[in-house]
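Chemist: What follows is my_file38.tsv; its format and atoms are TSV, C-alpha atoms and all ligand atoms.
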chain	number	residue	atom	x	y	z
A	4	MET	CA	0.00	0.00	0.00
A	5	THR	CA	1.20	3.53	-0.77
A	6	SER	CA	1.65	5.84	2.19
A	7	PRO	CA	-0.02	9.27	1.96
A	8	GLU	CA	3.45	10.77	1.59
A	9	GLU	CA	4.29	8.41	-1.27
A	10	GLY	CA	0.92	9.33	-2.80
A	11	ALA	CA	1.89	13.00	-2.75
A	12	ARG	CA	5.21	12.17	-4.44
A	13	GLN	CA	3.39	10.26	-7.17
A	14	ARG	CA	1.11	13.23	-7.82
A	15	ASP	CA	4.21	15.42	-8.18
A	16	ALA	CA	5.69	13.02	-10.72
A	17	ALA	CA	2.45	13.09	-12.71
A	18	ASP	CA	1.74	16.83	-12.37
A	19	PRO	CA	5.03	18.71	-11.93
A	20	GLY	CA	5.14	22.50	-11.85
A	21	HIS	CA	8.13	24.68	-12.69
A	22	ARG	CA	9.99	24.44	-9.41
A	23	ASP	CA	13.37	24.19	-11.14
A	24	LEU	CA	12.99	27.82	-12.29
A	25	PHE	CA	13.06	29.06	-8.68
A	26	HIS	CA	15.30	29.23	-5.63
A	27	ILE	CA	13.56	27.27	-2.86
A	28	PRO	CA	14.60	28.48	0.62
A	29	PRO	CA	16.35	25.80	2.70
A	30	ALA	CA	14.54	24.51	5.79
A	31	GLU	CA	15.81	25.25	9.29
A	32	GLY	CA	13.89	22.47	10.95
A	33	GLY	CA	12.20	19.18	10.12
A	34	ASP	CA	13.13	16.19	8.00
A	35	TYR	CA	13.60	17.83	4.62
A	36	ALA	CA	16.31	20.01	3.11
A	37	GLU	CA	13.91	22.51	1.52
A	38	THR	CA	11.07	24.44	3.07
A	39	ALA	CA	7.50	23.63	2.14
A	40	TYR	CA	6.95	27.21	1.03
A	41	LEU	CA	3.25	28.10	1.18
A	42	ALA	CA	3.65	31.86	1.62
A	43	GLY	CA	3.93	32.85	-2.04
A	44	ASN	CA	0.74	34.89	-1.57
A	45	SER	CA	2.78	37.12	0.74
A	46	LEU	CA	6.19	37.10	-0.96
A	47	GLY	CA	6.80	35.02	-4.07
A	48	LEU	CA	10.09	33.14	-4.49
A	49	GLN	CA	13.03	34.32	-6.54
A	50	PRO	CA	13.32	33.02	-10.12
A	51	ARG	CA	16.82	31.71	-10.86
A	52	GLN	CA	16.95	33.94	-13.94
A	53	THR	CA	16.47	37.13	-11.85
A	54	THR	CA	20.14	37.57	-10.91
A	55	VAL	CA	21.30	36.87	-14.47
A	56	GLU	CA	19.03	39.52	-15.97
A	57	LEU	CA	19.65	42.02	-13.19
A	58	ALA	CA	23.40	41.63	-13.71
A	59	ARG	CA	22.91	42.50	-17.40
A	60	ASP	CA	21.07	45.70	-16.52
A	61	LEU	CA	23.74	46.60	-13.95
A	62	ASP	CA	26.41	45.91	-16.52
A	63	ALA	CA	24.85	48.39	-18.95
A	64	TRP	CA	25.14	51.06	-16.27
A	65	ALA	CA	28.77	50.09	-15.55
A	66	THR	CA	29.82	50.16	-19.18
A	67	LEU	CA	27.62	52.91	-20.65
A	68	GLY	CA	26.88	55.39	-17.88
A	69	VAL	CA	24.31	57.92	-19.04
A	70	GLU	CA	24.39	56.54	-22.60
A	71	GLY	CA	22.48	53.51	-21.31
A	72	HIS	CA	19.28	55.54	-21.58
A	73	LEU	CA	19.41	54.97	-25.32
A	74	ASP	CA	22.24	52.51	-25.99
A	75	ALA	CA	21.73	49.71	-23.47
A	76	ASP	CA	20.55	46.40	-24.96
A	77	ARG	CA	17.37	47.17	-23.09
A	78	PRO	CA	17.41	50.99	-23.22
A	79	TRP	CA	16.28	52.64	-20.00
A	80	LEU	CA	14.12	55.41	-21.44
A	81	PRO	CA	11.40	53.08	-22.74
A	82	TYR	CA	12.22	50.22	-20.28
A	83	HIS	CA	8.73	50.20	-18.75
A	84	GLU	CA	7.31	49.44	-22.20
A	85	LEU	CA	8.97	46.01	-22.01
A	86	LEU	CA	6.68	45.17	-19.09
A	87	ARG	CA	3.48	46.56	-20.51
A	88	ASP	CA	2.37	43.79	-22.87
A	89	PRO	CA	3.04	40.84	-20.55
A	90	ALA	CA	1.34	42.69	-17.68
A	91	ALA	CA	-1.65	43.48	-19.91
A	92	ARG	CA	-1.95	39.81	-20.91
A	93	LEU	CA	-1.92	38.78	-17.25
A	94	VAL	CA	-4.77	41.08	-16.23
A	95	GLY	CA	-6.79	40.80	-19.45
A	96	ALA	CA	-6.29	44.40	-20.50
A	97	LEU	CA	-5.33	46.27	-23.64
A	98	PRO	CA	-1.69	47.37	-23.58
A	99	SER	CA	-2.90	50.99	-23.77
A	100	GLU	CA	-4.81	50.42	-20.50
A	101	THR	CA	-1.81	49.04	-18.60
A	102	VAL	CA	1.25	50.57	-16.97
A	103	VAL	CA	3.86	49.17	-14.58
A	104	MET	CA	4.97	51.84	-12.10
A	105	ASN	CA	5.43	52.82	-8.43
A	106	SER	CA	4.09	50.62	-5.64
A	107	LEU	CA	0.56	49.48	-5.02
A	108	THR	CA	-0.67	52.00	-2.47
A	109	VAL	CA	0.90	54.86	-4.43
A	110	ASN	CA	-0.99	53.69	-7.51
A	111	LEU	CA	-4.25	53.47	-5.57
A	112	HIS	CA	-3.78	57.08	-4.53
A	113	LEU	CA	-2.87	58.28	-8.04
A	114	LEU	CA	-5.92	56.51	-9.43
A	115	MET	CA	-8.21	57.87	-6.72
A	116	VAL	CA	-7.06	61.38	-7.64
A	117	SER	CA	-8.80	60.67	-10.94
A	118	PHE	CA	-11.60	58.37	-9.88
A	119	TYR	CA	-12.73	59.47	-6.43
A	120	ARG	CA	-14.64	62.66	-7.19
A	121	PRO	CA	-17.09	63.25	-4.33
A	122	ARG	CA	-19.93	65.56	-5.37
A	123	GLY	CA	-23.18	66.59	-3.68
A	124	GLU	CA	-24.65	63.60	-1.84
A	125	ARG	CA	-22.43	61.16	-3.69
A	126	THR	CA	-19.40	61.21	-1.41
A	127	HIS	CA	-19.00	57.70	0.03
A	128	ILE	CA	-16.32	55.09	-0.61
A	129	LEU	CA	-17.48	51.50	-0.20
A	130	VAL	CA	-14.90	48.91	0.92
A	131	GLU	CA	-15.13	45.37	2.29
A	132	ASP	CA	-15.16	44.84	6.05
A	133	THR	CA	-11.88	42.90	5.77
A	134	THR	CA	-10.09	45.72	3.88
A	135	PHE	CA	-6.32	45.45	3.98
A	136	PRO	CA	-4.99	48.18	6.33
A	137	SER	CA	-3.07	50.04	3.62
A	138	ASP	CA	-6.22	50.28	1.49
A	139	SER	CA	-8.24	51.40	4.49
A	140	TYR	CA	-5.71	54.11	5.35
A	141	ALA	CA	-5.60	55.15	1.70
A	142	VAL	CA	-9.37	55.61	1.30
A	143	ARG	CA	-9.70	57.32	4.68
A	144	SER	CA	-6.94	59.78	3.82
A	145	GLN	CA	-8.53	60.44	0.43
A	146	ALA	CA	-11.80	61.32	2.19
A	147	ARG	CA	-9.92	63.69	4.50
A	148	PHE	CA	-8.13	65.18	1.51
A	149	HIS	CA	-11.56	66.16	0.14
A	150	GLY	CA	-12.55	67.72	3.48
A	151	LEU	CA	-14.79	64.82	4.49
A	152	ASP	CA	-14.98	62.89	7.76
A	153	PRO	CA	-13.50	59.44	7.02
A	154	ASP	CA	-15.67	57.84	9.73
A	155	THR	CA	-18.78	58.66	7.73
A	156	ALA	CA	-17.37	58.85	4.19
A	157	VAL	CA	-15.91	55.33	4.22
A	158	ILE	CA	-18.49	52.54	4.46
A	159	ARG	CA	-17.15	49.10	5.40
A	160	THR	CA	-19.49	46.24	4.62
A	161	ALA	CA	-19.67	42.45	4.76
A	162	ASP	CA	-22.41	42.47	2.09
A	163	VAL	CA	-21.21	44.54	-0.85
A	164	ARG	CA	-24.24	44.00	-3.11
A	165	LYS	CA	-26.76	44.83	-0.40
A	166	THR	CA	-24.89	48.01	0.55
A	167	ILE	CA	-24.71	49.07	-3.10
A	168	GLN	CA	-28.50	48.64	-3.28
A	169	GLU	CA	-29.14	50.54	-0.07
A	170	TYR	CA	-26.70	53.42	-0.48
A	171	GLY	CA	-26.19	53.38	-4.26
A	172	ASP	CA	-27.05	57.03	-4.86
A	173	ARG	CA	-24.54	58.16	-2.23
A	174	ILE	CA	-21.58	56.01	-3.26
A	175	ALA	CA	-18.90	57.74	-5.33
A	176	LEU	CA	-16.43	54.86	-5.39
A	177	VAL	CA	-16.46	51.11	-4.73
A	178	LEU	CA	-12.94	49.80	-4.02
A	179	LEU	CA	-12.54	46.09	-3.27
A	180	GLY	CA	-9.98	43.31	-3.32
A	181	GLY	CA	-10.43	40.93	-6.28
A	182	VAL	CA	-9.28	38.10	-4.02
A	183	ASP	CA	-9.76	38.83	-0.34
A	184	TYR	CA	-6.32	38.84	1.31
A	185	LEU	CA	-7.69	37.40	4.55
A	186	THR	CA	-10.29	34.82	3.52
A	187	GLY	CA	-8.95	33.97	0.07
A	188	GLU	CA	-12.41	34.53	-1.47
A	189	LEU	CA	-12.42	35.38	-5.19
A	190	ARG	CA	-15.13	37.99	-5.65
A	191	ASP	CA	-17.55	38.21	-8.58
A	192	ILE	CA	-15.54	41.03	-10.15
A	193	ALA	CA	-17.68	41.42	-13.29
A	194	GLY	CA	-20.99	41.22	-11.38
A	195	ILE	CA	-20.04	43.66	-8.61
A	196	THR	CA	-18.52	46.05	-11.14
A	197	ALA	CA	-21.78	46.08	-13.11
A	198	ALA	CA	-23.88	46.52	-9.95
A	199	GLY	CA	-21.76	49.42	-8.70
A	200	GLN	CA	-21.75	51.16	-12.06
A	201	ALA	CA	-25.54	50.66	-12.43
A	202	ALA	CA	-25.88	52.55	-9.13
A	203	GLY	CA	-23.80	55.38	-10.57
A	204	ALA	CA	-20.53	54.66	-8.75
A	205	VAL	CA	-17.02	54.22	-10.12
A	206	VAL	CA	-15.69	50.71	-9.41
A	207	GLY	CA	-11.98	50.06	-8.81
A	208	TRP	CA	-10.22	46.88	-7.75
A	209	ASP	CA	-7.14	46.04	-5.73
A	210	MET	CA	-5.75	42.98	-7.50
A	211	ALA	CA	-2.83	42.36	-5.10
A	212	HIS	CA	-4.03	38.82	-4.33
A	213	ALA	CA	-5.64	38.15	-7.70
A	214	VAL	CA	-2.92	38.91	-10.26
A	215	GLY	CA	-0.90	35.83	-11.17
A	216	ASN	CA	-3.32	33.80	-9.03
A	217	VAL	CA	-6.52	33.71	-11.07
A	218	PRO	CA	-7.25	34.60	-14.72
A	219	LEU	CA	-8.43	38.22	-15.03
A	220	ARG	CA	-10.37	40.03	-17.79
A	221	LEU	CA	-10.30	43.61	-16.58
A	222	HIS	CA	-11.15	45.13	-19.96
A	223	GLU	CA	-14.05	42.81	-20.71
A	224	TRP	CA	-15.40	43.14	-17.15
A	225	ASN	CA	-15.51	46.89	-17.69
A	226	VAL	CA	-13.57	47.60	-14.49
A	227	ASP	CA	-12.98	51.37	-14.21
A	228	PHE	CA	-9.51	51.08	-12.72
A	229	ALA	CA	-7.30	48.60	-10.88
A	230	ALA	CA	-3.90	48.33	-9.23
A	231	TRP	CA	-1.75	45.44	-8.07
A	232	CYS	CA	1.64	44.66	-6.58
A	233	SER	CA	4.28	42.41	-8.13
A	234	TYR	CA	5.87	40.72	-5.12
A	235	LYS	CA	3.14	38.21	-4.21
A	236	TYR	CA	2.12	35.71	-6.90
A	237	LEU	CA	4.21	37.65	-9.44
A	238	ASN	CA	7.58	36.88	-7.79
A	239	GLY	CA	9.00	40.30	-8.64
A	240	GLY	CA	10.89	40.58	-5.32
A	241	PRO	CA	10.31	42.48	-2.06
A	242	GLY	CA	8.69	45.87	-2.73
A	243	ALA	CA	8.68	45.19	-6.49
A	244	VAL	CA	7.29	47.75	-8.93
A	245	ALA	CA	3.50	47.58	-9.12
A	246	GLY	CA	0.92	47.84	-11.90
A	247	ALA	CA	-2.11	49.92	-12.78
A	248	PHE	CA	-5.04	49.59	-15.15
A	249	VAL	CA	-7.26	52.37	-16.49
A	250	HIS	CA	-10.13	51.30	-18.73
A	251	GLU	CA	-9.97	52.55	-22.31
A	252	ARG	CA	-13.17	54.56	-21.66
A	253	HIS	CA	-11.15	56.79	-19.33
A	254	THR	CA	-7.78	57.11	-21.06
A	255	GLY	CA	-7.22	60.16	-23.20
A	256	GLY	CA	-10.07	62.04	-21.51
A	257	ASP	CA	-9.96	65.04	-19.24
A	258	LEU	CA	-9.90	63.28	-15.86
A	259	PRO	CA	-7.74	65.12	-13.33
A	260	ARG	CA	-4.35	63.48	-12.88
A	261	PHE	CA	-1.14	64.30	-11.10
A	262	GLU	CA	1.65	64.77	-13.63
A	263	GLY	CA	5.42	64.51	-13.95
A	264	TRP	CA	7.77	64.33	-16.92
A	265	TRP	CA	6.87	60.71	-17.65
A	266	SER	CA	3.21	61.76	-18.07
A	267	THR	CA	3.99	63.40	-21.39
A	268	GLU	CA	4.37	61.87	-24.86
A	269	PRO	CA	7.91	60.38	-25.07
A	270	ALA	CA	8.56	62.41	-28.22
A	271	THR	CA	7.97	65.65	-26.32
A	272	ARG	CA	9.77	64.67	-23.12
A	273	PHE	CA	13.07	66.30	-23.94
A	274	GLU	CA	11.63	69.43	-25.46
A	275	MET	CA	11.73	70.67	-21.87
A	276	ALA	CA	8.38	72.37	-22.41
A	277	PRO	CA	6.50	73.66	-19.36
A	278	VAL	CA	3.19	71.98	-20.30
A	279	ALA	CA	2.77	68.20	-20.60
A	280	ARG	CA	1.20	66.59	-23.67
A	281	PRO	CA	-0.08	63.36	-22.12
A	282	PRO	CA	-0.55	60.27	-24.32
A	283	ASP	CA	-4.07	58.83	-24.52
A	284	THR	CA	-2.97	55.70	-22.65
A	285	ALA	CA	-2.47	54.63	-19.03
A	286	ASP	CA	1.11	55.92	-19.40
A	287	ALA	CA	-0.33	59.38	-18.72
A	288	TRP	CA	-0.59	58.35	-15.03
A	289	GLN	CA	3.20	57.91	-14.77
A	290	LEU	CA	5.25	60.55	-12.99
A	291	SER	CA	8.92	59.61	-12.91
A	292	ASN	CA	11.55	57.88	-14.99
A	293	PRO	CA	11.35	54.12	-14.39
A	294	PRO	CA	13.50	52.42	-11.69
A	295	ILE	CA	15.40	50.07	-13.99
A	296	LEU	CA	16.99	47.91	-11.29
A	297	ALA	CA	13.61	47.40	-9.63
A	298	MET	CA	11.83	46.73	-12.91
A	299	SER	CA	14.33	44.14	-14.10
A	300	PRO	CA	13.09	41.35	-11.75
A	301	VAL	CA	9.47	42.14	-12.66
A	302	ARG	CA	10.32	41.79	-16.35
A	303	THR	CA	11.95	38.40	-15.68
A	304	SER	CA	8.96	37.25	-13.68
A	305	LEU	CA	6.41	38.35	-16.28
A	306	GLU	CA	8.35	36.37	-18.89
A	307	ILE	CA	7.79	33.23	-16.85
A	308	PHE	CA	4.05	33.86	-16.80
A	309	ASP	CA	4.10	34.40	-20.55
A	310	THR	CA	6.01	31.16	-21.12
A	311	VAL	CA	3.93	28.97	-18.83
A	312	GLY	CA	0.57	30.67	-19.39
A	313	MET	CA	-2.03	31.66	-16.83
A	314	ALA	CA	-4.56	29.09	-18.06
A	315	ALA	CA	-2.22	26.17	-17.35
A	316	LEU	CA	-1.24	27.66	-14.00
A	317	ARG	CA	-4.85	28.06	-12.99
A	318	GLU	CA	-5.58	24.42	-13.81
A	319	ARG	CA	-2.68	23.19	-11.71
A	320	SER	CA	-3.67	25.62	-8.96
A	321	VAL	CA	-7.19	24.15	-8.78
A	322	ARG	CA	-5.72	20.64	-8.50
A	323	LEU	CA	-3.11	21.56	-5.85
A	324	THR	CA	-5.42	23.62	-3.67
A	325	GLY	CA	-8.18	20.99	-3.98
A	326	TYR	CA	-5.70	18.35	-2.83
A	327	LEU	CA	-4.66	20.44	0.18
A	328	HIS	CA	-8.29	21.15	1.05
A	329	GLY	CA	-9.00	17.40	1.02
A	330	LEU	CA	-6.12	16.77	3.46
A	331	LEU	CA	-7.30	19.59	5.75
A	332	ASP	CA	-10.85	18.18	5.78
A	333	ALA	CA	-9.55	15.32	7.91
A	334	LEU	CA	-8.26	17.72	10.60
A	335	PRO	CA	-10.11	19.49	13.44
A	336	LEU	CA	-9.76	22.86	11.70
A	337	THR	CA	-12.05	25.36	10.03
A	338	VAL	CA	-11.19	26.42	6.48
A	339	VAL	CA	-12.85	29.83	5.98
A	340	THR	CA	-12.10	30.03	2.23
A	341	PRO	CA	-14.96	29.05	-0.10
A	342	ARG	CA	-14.77	25.40	-1.21
A	343	ASP	CA	-15.90	26.12	-4.77
A	344	PRO	CA	-12.76	26.59	-6.96
A	345	GLU	CA	-14.67	29.27	-8.92
A	346	ARG	CA	-14.81	31.36	-5.76
A	347	ARG	CA	-11.18	31.12	-4.70
A	348	GLY	CA	-7.62	31.14	-5.97
A	349	SER	CA	-4.65	29.27	-4.49
A	350	GLN	CA	-5.00	30.39	-0.90
A	351	LEU	CA	-6.75	28.52	1.91
A	352	SER	CA	-7.28	30.39	5.18
A	353	LEU	CA	-7.64	28.44	8.42
A	354	ARG	CA	-9.20	29.72	11.60
A	355	VAL	CA	-7.02	28.61	14.55
A	356	ALA	CA	-6.54	29.58	18.19
A	357	ASP	CA	-3.05	31.10	18.06
A	358	ALA	CA	-2.08	31.88	14.47
A	359	ALA	CA	1.31	33.46	15.22
A	360	GLY	CA	2.36	30.68	17.60
A	361	LEU	CA	1.27	27.96	15.20
A	362	THR	CA	3.14	29.38	12.18
A	363	LYS	CA	6.30	29.63	14.29
A	364	VAL	CA	6.05	25.98	15.22
A	365	LEU	CA	5.34	25.01	11.62
A	366	ARG	CA	8.43	26.85	10.49
A	367	HIS	CA	10.93	25.82	13.13
A	368	ARG	CA	9.81	22.25	13.79
A	369	TYR	CA	8.72	21.23	10.28
A	370	GLY	CA	10.20	23.69	7.78
A	371	VAL	CA	6.69	24.61	6.65
A	372	ILE	CA	6.34	28.31	5.77
A	373	ALA	CA	2.80	29.60	6.24
A	374	ASP	CA	1.74	33.04	7.32
A	375	ALA	CA	-0.31	34.32	10.21
A	376	ARG	CA	-2.81	37.16	10.23
A	377	GLU	CA	-3.56	38.22	13.78
A	378	PRO	CA	-5.24	37.00	15.77
A	379	ASP	CA	-6.65	33.76	14.38
A	380	VAL	CA	-5.99	33.18	10.67
A	381	VAL	CA	-3.26	31.06	9.11
A	382	ARG	CA	-2.94	31.32	5.34
A	383	LEU	CA	-1.56	28.52	3.15
A	384	ALA	CA	-1.05	29.16	-0.54
A	385	PRO	CA	0.24	26.37	-2.77
A	386	VAL	CA	1.58	28.32	-5.73
A	387	PRO	CA	1.21	26.42	-9.01
A	388	LEU	CA	4.55	27.60	-10.42
A	389	TYR	CA	6.70	26.05	-7.69
A	390	SER	CA	4.70	24.41	-4.89
A	391	THR	CA	4.36	20.64	-4.80
A	392	TYR	CA	1.80	18.11	-3.59
A	393	HIS	CA	4.50	17.01	-1.19
A	394	ASP	CA	4.60	20.57	0.24
A	395	CYS	CA	0.84	20.33	0.81
A	396	TRP	CA	1.21	16.94	2.44
A	397	ARG	CA	3.96	18.28	4.73
A	398	ALA	CA	1.77	21.19	5.82
A	399	ALA	CA	-1.22	18.95	6.53
A	400	ASP	CA	0.96	16.39	8.33
A	401	ALA	CA	2.52	19.09	10.53
A	402	LEU	CA	-0.89	20.58	11.30
A	403	ALA	CA	-2.24	17.14	12.19
A	404	ARG	CA	0.53	16.74	14.75
A	405	GLU	CA	0.13	20.23	16.19
A	406	VAL	CA	-3.61	20.95	16.28
A	407	ASP	CA	-4.94	17.52	17.16
A	408	GLY	CA	-6.72	17.05	20.48
A	501	LIG	C1	-0.07	43.35	-0.25
A	501	LIG	C2	-1.16	44.34	-0.25
A	501	LIG	C3	-0.89	45.72	-0.14
A	501	LIG	C4	0.52	46.23	0.04
A	501	LIG	O1	0.65	47.55	-0.37
A	501	LIG	P1	2.07	48.15	-0.83
A	501	LIG	O2	1.73	49.49	-1.27
A	501	LIG	O3	2.60	47.24	-1.88
A	501	LIG	O4	2.97	48.12	0.37
A	501	LIG	C5	-1.96	46.60	-0.18
A	501	LIG	N1	-3.23	46.15	-0.32
A	501	LIG	C6	-3.52	44.83	-0.42
A	501	LIG	C7	-4.93	44.38	-0.56
A	501	LIG	C8	-2.49	43.90	-0.37
A	501	LIG	O5	-2.78	42.59	-0.45
As structure tokens, what does this structure read like?
Ligand SMILES: *Cc1c(COP(=O)(O)O)cnc(C)c1O

Modeler:
Amino acid sequence: MTSPEEGARQRDAADPGHRDLFHIPPAEGGDYAETAYLAGNSLGLQPRQTTVELARDLDAWATLGVEGHLDADRPWLPYHELLRDPAARLVGALPSETVVMNSLTVNLHLLMVSFYRPRGERTHILVEDTTFPSDSYAVRSQARFHGLDPDTAVIRTADVRKTIQEYGDRIALVLLGGVDYLTGELRDIAGITAAGQAAGAVVGWDMAHAVGNVPLRLHEWNVDFAAWCSYKYLNGGPGAVAGAFVHERHTGGDLPRFEGWWSTEPATRFEMAPVARPPDTADAWQLSNPPILAMSPVRTSLEIFDTVGMAALRERSVRLTGYLHGLLDALPLTVVTPRDPERRGSQLSLRVADAAGLTKVLRHRYGVIADAREPDVVRLAPVPLYSTYHDCWRAADALAREVDG
């Protein structure tokens, strides 16, 4: 008879991912040399190719100095354009709707400058009751910026559709996570977008936990705007350069925007003119010249997604996460993530007594890397690019030993 562990190994042989493309952190404790890394929803692992490509970009600086702006193999002036198409493919957008820039919360603010326009009675921002702190601080500070009281302007709700129905004529902006960072729930992005817009609101999405995790169709779903980070499922490295989406309906119009020299048409950039001539694309939301050394790892990572393809990744993700869910079903634990694969991505969230204590034990005794969200949620995310069935088995086996009884 095959042991459960042997069973996991057989599944890996039959359904391998792309683990060889990544550095897997070594384990400090437990019986295995490598960690069972299930925290790729928090910080994705480093592709092996990242250092090679980064060294090339550094080398251009060393050998060309300022001439690298135009003469590097990957010239710096238009460097961000190398990231645009692969990022657009990943979020289901037109290239003209997509730009890679800044970090996530910065992008949310820049987009809210354009899309949060409180007027008359329509002043409220609707967010989910589990809003990520940075998003909550961002919307509250935007309300204050417009002279409003954030305690009344920001509405937090557990039932987004019902609140849209009740308060629709007073909501200026709906801003939600595509995949909930805490529960792992994949929201009905198209349906909620349509409901919010029918009520007269602008609908924006934070795709931090959705991009690279589930297939997205931002253009087709008619999302007004979106932003995401590149260091979770995208493996772009700590603090990696983020992305932004502005629907075609809004590019090239007269929405207010903050501007800098990268907001103008590239052809006019060095005319040193006092007035910008913004392109009719999402590039108009850029401010500064691109951080080449920070963009290089994002470019490498996006290439991996292009090579492997989001559709194949999603299929393996459904199999891996379903397998882990089956193992967890046998344990005295509550999984708070929806069971239906259509309503979740990779992540499963467990409700436990002492999340921080448990993740420490998992790490130091078993080499299993999970993450804790205070006070009582442990998140496990098998990432289809590099996680294995054996990683899932190790996590479930460690949990069985620690939470039993
Ligand atoms: C990870 C995450 C952030 C992080 O914001 P940064 O600006 O990248 O530091 C913000 N919001 C959500 C929903 C996240 O998941």

Chemist: In Å, with one decimal, what is the gap from atom CA of Val244 of chain A to atom CA of Met298 of chain A?

Modeler: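 If I compute the distance from atom CA of Val244 of chain A to atom CA of Met298 of chain A, I get 6.1 Å.
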
Chemist: If you count all atoms listed in the file, which residues end up within 9 Å of ligand LIG 501 (chain A), as JSON, numbers by chain?

Modeler: {"A": [44, 45, 46, 105, 106, 107, 108, 109, 110, 111, 134, 135, 136, 137, 138, 139, 179, 180, 181, 182, 183, 184, 185, 209, 210, 211, 212, 213, 231, 232, 233, 234, 235, 242, 243, 244, 245]}

Chemist: Give me the residues near segment 320-325 of chain A as a list in words, where near means some atom within 8 Å (using only C-alpha atoms) and where sequence neighbours in that chain fewer than 5 positions away do not count.

Modeler: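 That gives Pro344, Gly348, Ser349, Gln350, Leu351, Ala384, Pro385, Val386, Pro387, Thr391, Tyr392 and Cys395 of chain A.
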
Chemist: Could you give me, as an NGL selection string, the residues within 7 Å of His127 of chain A, counting all atoms listed in the file and dropping anything in the same chain fewer than 6 positions from it?

Modeler: :A and (156-158 or 173-176)

Chemist: Quick one: pull the distance between atom CA of Asp257 of chain A and atom CA of Val116 of chain A, Å, one decimal.

Modeler: 12.5 Å

Chemist: In terms of the shortest atom-to-atom distance over only C-alpha atoms, which of A:His367, A:Leu61, A:Leu93, A:Val311 is closest to Tyr389 of chain A?

Modeler: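 Closest candidate: A:Val311.
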
Chemist: For Arg354 of chain A, work out the shell of residues within 7 Å, counting only C-alpha atoms and skipping chain neighbours fewer than 5 positions away, then give it as a list in words.

Modeler: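 So, after excluding close chain neighbours, the residues are Leu336, Thr337, Val338, Val339, Asp379, Val380 and Val381 of chain A.
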
Chemist: Could you state the separation of atom CA of Val163 of chain A and atom CA of Thr101 of chain A in Å, given to one decimal place?

Modeler: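 Straight-line distance from atom CA of Val163 of chain A to atom CA of Thr101 of chain A works out to 26.7 Å.
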
Chemist: Please provide as a ChimeraX atom specification all residues within 10 Å of Ile27 of chain A, with the sequence filter that same-chain residues fewer than 2 positions apart are discarded (counting all atoms listed in the file).

Modeler: /A:22-25,29-30,36-40,48-51,389-390

Chemist: Considering only C-alpha atoms, state which residue in the set A:Pro98, A:Pro282, A:Gly20, A:Pro153 is at the smallest distance from Pro269 of chain A.

Modeler: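 When distances to Pro269 of chain A are compared using only C-alpha atoms, the smallest one comes from A:Pro282.
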
Chemist: In terms of the shortest atom-to-atom distance over only C-alpha atoms, which of A:Arg260, A:Arg159, A:Arg12, A:His72 is closest to His112 of chain A?

Modeler: A:Arg260

Chemist: May I ask which of the residues A:Pro81, A:Asp172, A:Val130, A:Leu219 is the closest one to Val206 of chain A, counting all atoms listed in the file?

Modeler: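 Going through A:Pro81, A:Asp172, A:Val130, A:Leu219 one by one, the smallest distance to Val206 of chain A is for A:Val130.
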
Chemist: The residues within 12 Å of (17.5, 33.8, -18.0), using all atoms listed in the file and the coordinates of the file, should be reported as a PyMOL selection string; which are they?

Modeler: chain A and resi 24-25+50-59+299-300+302-304+306-307

Chemist: Place N, CA and C atoms on segment 205-214 of chain A and deliver the coordinates as a compact mmCIF listing (two decimals), in the frame of the given file.

Modeler:
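And here's result-v8.txt as it stands now:
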# COMPACT_ATOMS: atom_id res chain seq x y z
N VAL A 205 -18.22 54.70 -9.44
CA VAL A 205 -17.02 54.22 -10.12
C VAL A 205 -16.57 52.98 -9.37
N VAL A 206 -16.08 51.94 -10.09
CA VAL A 206 -15.69 50.71 -9.41
C VAL A 206 -14.22 50.38 -9.73
N GLY A 207 -13.40 50.38 -8.68
CA GLY A 207 -11.98 50.06 -8.81
C GLY A 207 -11.65 48.81 -8.00
N TRP A 208 -10.59 48.14 -8.40
CA TRP A 208 -10.22 46.88 -7.75
C TRP A 208 -8.74 46.86 -7.36
N ASP A 209 -8.49 46.33 -6.17
CA ASP A 209 -7.14 46.04 -5.73
C ASP A 209 -6.88 44.58 -6.06
N MET A 210 -5.99 44.34 -7.01
CA MET A 210 -5.75 42.98 -7.50
C MET A 210 -4.49 42.35 -6.89
N ALA A 211 -4.05 42.86 -5.73
CA ALA A 211 -2.83 42.36 -5.10
C ALA A 211 -2.84 40.83 -4.98
N HIS A 212 -3.97 40.27 -4.55
CA HIS A 212 -4.03 38.82 -4.33
C HIS A 212 -4.66 38.07 -5.49
N ALA A 213 -4.99 38.79 -6.56
CA ALA A 213 -5.64 38.15 -7.70
C ALA A 213 -4.67 37.98 -8.87
N VAL A 214 -3.79 38.96 -9.08
CA VAL A 214 -2.92 38.91 -10.26
C VAL A 214 -1.91 37.76 -10.13
